[in-house]
Amino acid sequence: MRCFVALDLPEPVCNHLANLGERLQRRFPVRMVDRHQLHLTLLFAGDVDDHVVDGLAAAVHAVALPPLRLHLRGFGHFPPRGVPRVLWAGLGGDDAAVVALHEELAARAAELGVPRDARDFAPHVTIGRVKSEFGALALVDALAALEVDLKTKPFAPTQLVLYASELRPSGPVHRPLVARPLPPAALA
């Protein structure tokens, strides 16, 4: 089973990102992530056996969950230089706590045989994938211009979820396997 652990975002944040992404989709060859599938991935396990899925489910139940206060913080793309392939929205706020949560999940997953990602973890939400190199430089400029309309109001992620992910021609479909609500965070 292909799976990952993520923080779900509140619906207004997902709607805001999807609405901004639609502007890009009208002008550029990008496939935006469906608003109902936007999330902050903490751990990508990939294709794993059932015993690993069970261990990840136990990890979701066992990790400490502090209240988290986040905000949207700019847009970017991977790779950071050259032709973009993935578009993302950055996150700020309690990012040290998010990194600590990622580290704890990664350590527990490593004990189950899931290899650690070689890249440094940076909290972000993948919002789209570039389908063609045509107009890539203009796309990067348009992505930067969208930051003017980015709402940076603080929000709290809603839950920690272990997802199964099925790849389909129309895009991935994520199915929650285990979900754990996050404690409320003060947003004032």
# chains A, B, ... in the order shown; residues from 1 in each chain; ligands from 1
>>> residues_around(residues="Ala186 (chain A)", least_positions_apart="4", cutoff="10 Å", atoms="only C-alpha atoms", output="PDB file with N, CA, C and O atoms, in the first residue's frame")
ATOM      1  N   PRO A  67      -0.678  21.941  20.176  1.00  0.00           N
ATOM      2  CA  PRO A  67      -1.501  22.846  19.360  1.00  0.00           C
ATOM      3  C   PRO A  67      -0.574  23.537  18.362  1.00  0.00           C
ATOM      4  O   PRO A  67       0.535  23.940  18.716  1.00  0.00           O
ATOM      5  N   LEU A  68      -0.984  23.640  17.121  1.00  0.00           N
ATOM      6  CA  LEU A  68      -0.150  24.254  16.084  1.00  0.00           C
ATOM      7  C   LEU A  68      -0.842  25.469  15.495  1.00  0.00           C
ATOM      8  O   LEU A  68      -2.023  25.421  15.157  1.00  0.00           O
ATOM      9  N   ARG A  69      -0.089  26.519  15.382  1.00  0.00           N
ATOM     10  CA  ARG A  69      -0.571  27.756  14.768  1.00  0.00           C
ATOM     11  C   ARG A  69       0.322  28.022  13.559  1.00  0.00           C
ATOM     12  O   ARG A  69       1.528  28.242  13.710  1.00  0.00           O
ATOM     13  N   PRO A 154      -3.450  33.496  10.564  1.00  0.00           N
ATOM     14  CA  PRO A 154      -3.102  32.233  11.226  1.00  0.00           C
ATOM     15  C   PRO A 154      -4.253  31.223  11.184  1.00  0.00           C
ATOM     16  O   PRO A 154      -5.422  31.592  11.186  1.00  0.00           O
ATOM     17  N   PHE A 155      -3.875  29.952  11.129  1.00  0.00           N
ATOM     18  CA  PHE A 155      -4.850  28.871  11.161  1.00  0.00           C
ATOM     19  C   PHE A 155      -4.247  27.695  11.919  1.00  0.00           C
ATOM     20  O   PHE A 155      -3.037  27.618  12.127  1.00  0.00           O
ATOM     21  N   ALA A 156      -5.105  26.773  12.312  1.00  0.00           N
ATOM     22  CA  ALA A 156      -4.662  25.553  12.997  1.00  0.00           C
ATOM     23  C   ALA A 156      -4.984  24.353  12.115  1.00  0.00           C
ATOM     24  O   ALA A 156      -6.116  24.227  11.641  1.00  0.00           O
TER      25      ALA A 156
END
>>> closest_atom_pairs(of="region 24-130 of chain A", to="region 148-151 of chain A", cutoff="10 Å", atoms="only C-alpha atoms", output="tab-separated table")
residue	atom	partner	partner_atom	distance
A:His71	CA	A:Lys151	CA	8.3
A:Leu72	CA	A:Lys151	CA	6.9
A:Arg73	CA	A:Leu150	CA	8.0
A:Gly74	CA	A:Leu150	CA	7.3
A:Phe75	CA	A:Leu150	CA	8.9
A:Ala89	CA	A:Leu150	CA	9.5
>>> residues_around(residues="His124 (chain A)", least_positions_apart="6", cutoff="12 Å", atoms="only C-alpha atoms", output="list in words")
Ala6, Leu7, Leu9, Leu38, His39, Leu40, Thr41, Leu42, Leu70, His71, Leu72, Arg73, Gly74, Phe75, Gly76, His77, Phe78, Val86, Leu87, Trp88, Ala89, Gly90, Leu91, Gly92, Gly93, Asp95, Val98 and Val99 of chain A
>>> write_last_selection(atoms="C-alpha atoms", output="tab-separated table (two decimals), in the first residue's frame")
chain	number	residue	atom	x	y	z
A	6	ALA	CA	-0.05	14.44	6.84
A	7	LEU	CA	-1.66	17.34	8.63
A	9	LEU	CA	-5.69	21.98	6.68
A	38	LEU	CA	-4.45	19.75	-0.05
A	39	HIS	CA	-2.41	18.86	3.04
A	40	LEU	CA	0.98	19.22	4.71
A	41	THR	CA	2.89	15.96	4.20
A	42	LEU	CA	4.97	15.09	7.26
A	70	LEU	CA	0.48	28.16	11.14
A	71	HIS	CA	0.13	30.69	8.36
A	72	LEU	CA	0.71	30.71	4.61
A	73	ARG	CA	4.07	32.21	3.70
A	74	GLY	CA	4.75	32.67	0.01
A	75	PHE	CA	4.92	30.41	-3.00
A	76	GLY	CA	7.74	28.51	-4.60
A	77	HIS	CA	8.60	25.59	-6.82
A	78	PHE	CA	10.70	22.44	-6.99
A	86	VAL	CA	6.03	21.13	-8.51
A	87	LEU	CA	4.37	24.30	-7.17
A	88	TRP	CA	4.01	24.84	-3.44
A	89	ALA	CA	2.78	27.24	-0.76
A	90	GLY	CA	5.15	27.75	2.16
A	91	LEU	CA	4.08	27.62	5.78
A	92	GLY	CA	5.28	29.61	8.75
A	93	GLY	CA	4.30	29.97	12.38
A	95	ASP	CA	7.23	25.48	12.01
A	98	VAL	CA	6.00	20.88	12.78
A	99	VAL	CA	9.64	19.94	12.08
>>> closest_residue(among="A:Ile127, A:Leu43, A:Ala164, A:Cys3", to="Leu143 (chain A)", atoms="only C-alpha atoms")
A:Ile127
>>> select_by_dssp(residues="region 38-132 of chain A", states="helix (DSSP H, G or I)", output="ChimeraX atom specification")
/A:50-62,95-111
>>> residues_around(residues="region 170-183 of chain A", least_positions_apart="6", cutoff="10 Å", atoms="only C-alpha atoms", output="PyMOL selection string")
chain A and resi 2-8+31-34+36-37+53-54+56-58+60-61+64-68+156-164
>>> closest_residue(among="A:Pro10, A:Ala59, A:Ala97, A:Thr126", to="Glu111 (chain A)", atoms="only C-alpha atoms")
A:Ala59
>>> atom_distance(atom1="CA of Ala109 (chain A)", atom2="CA of Pro123 (chain A)")
18.4 Å
>>> closest_residue(among="A:Arg119, A:Gly113, A:Pro80, A:Gly128", to="Ala18 (chain A)", atoms="only C-alpha atoms")
A:Gly128
>>> select_by_dssp(residues="region 36-163 of chain A", states="strand (DSSP E)", output="ChimeraX atom specification")
/A:39-47,70-78,86-93,124-130,159-163
>>> atom_distance(atom1="CA of Phe134 (chain A)", atom2="CA of Arg35 (chain A)")
24.9 Å
>>> residues_around(residues="Ala142 (chain A)", least_positions_apart="4", cutoff="12 Å", atoms="only C-alpha atoms", output="list in words")
Leu20, Gly21, Arg23, Leu24, Gln25, Arg26, Arg27, Phe28, Phe75, Gly76, His77, Leu87, Gly135, Ala136, Leu137, Ala138, Leu146, Glu147, Val148 and Asp149 of chain A
>>> write_last_selection(atoms="C-alpha atoms", output="PDB file, in the first residue's frame")
ATOM      1  CA  LEU A  20      -5.385  31.194  -6.330  1.00  0.00           C
ATOM      2  CA  GLY A  21      -4.242  28.086  -8.166  1.00  0.00           C
ATOM      3  CA  ARG A  23      -5.646  31.607 -11.846  1.00  0.00           C
ATOM      4  CA  LEU A  24      -2.442  29.797 -12.768  1.00  0.00           C
ATOM      5  CA  GLN A  25      -4.305  26.898 -14.338  1.00  0.00           C
ATOM      6  CA  ARG A  26      -6.146  29.241 -16.715  1.00  0.00           C
ATOM      7  CA  ARG A  27      -2.849  30.579 -18.108  1.00  0.00           C
ATOM      8  CA  PHE A  28      -0.323  27.764 -17.792  1.00  0.00           C
ATOM      9  CA  PHE A  75       4.916  30.412  -3.002  1.00  0.00           C
ATOM     10  CA  GLY A  76       7.744  28.506  -4.597  1.00  0.00           C
ATOM     11  CA  HIS A  77       8.603  25.590  -6.822  1.00  0.00           C
ATOM     12  CA  LEU A  87       4.371  24.296  -7.171  1.00  0.00           C
ATOM     13  CA  GLY A 135       6.149  29.123 -20.454  1.00  0.00           C
ATOM     14  CA  ALA A 136       8.045  27.986 -17.337  1.00  0.00           C
ATOM     15  CA  LEU A 137       9.738  31.343 -16.723  1.00  0.00           C
ATOM     16  CA  ALA A 138       6.455  33.216 -17.065  1.00  0.00           C
ATOM     17  CA  LEU A 146       0.155  35.673  -6.640  1.00  0.00           C
ATOM     18  CA  GLU A 147       1.777  36.394  -3.284  1.00  0.00           C
ATOM     19  CA  VAL A 148       0.061  39.789  -3.263  1.00  0.00           C
ATOM     20  CA  ASP A 149      -3.278  38.004  -2.801  1.00  0.00           C
TER      21      ASP A 149
END
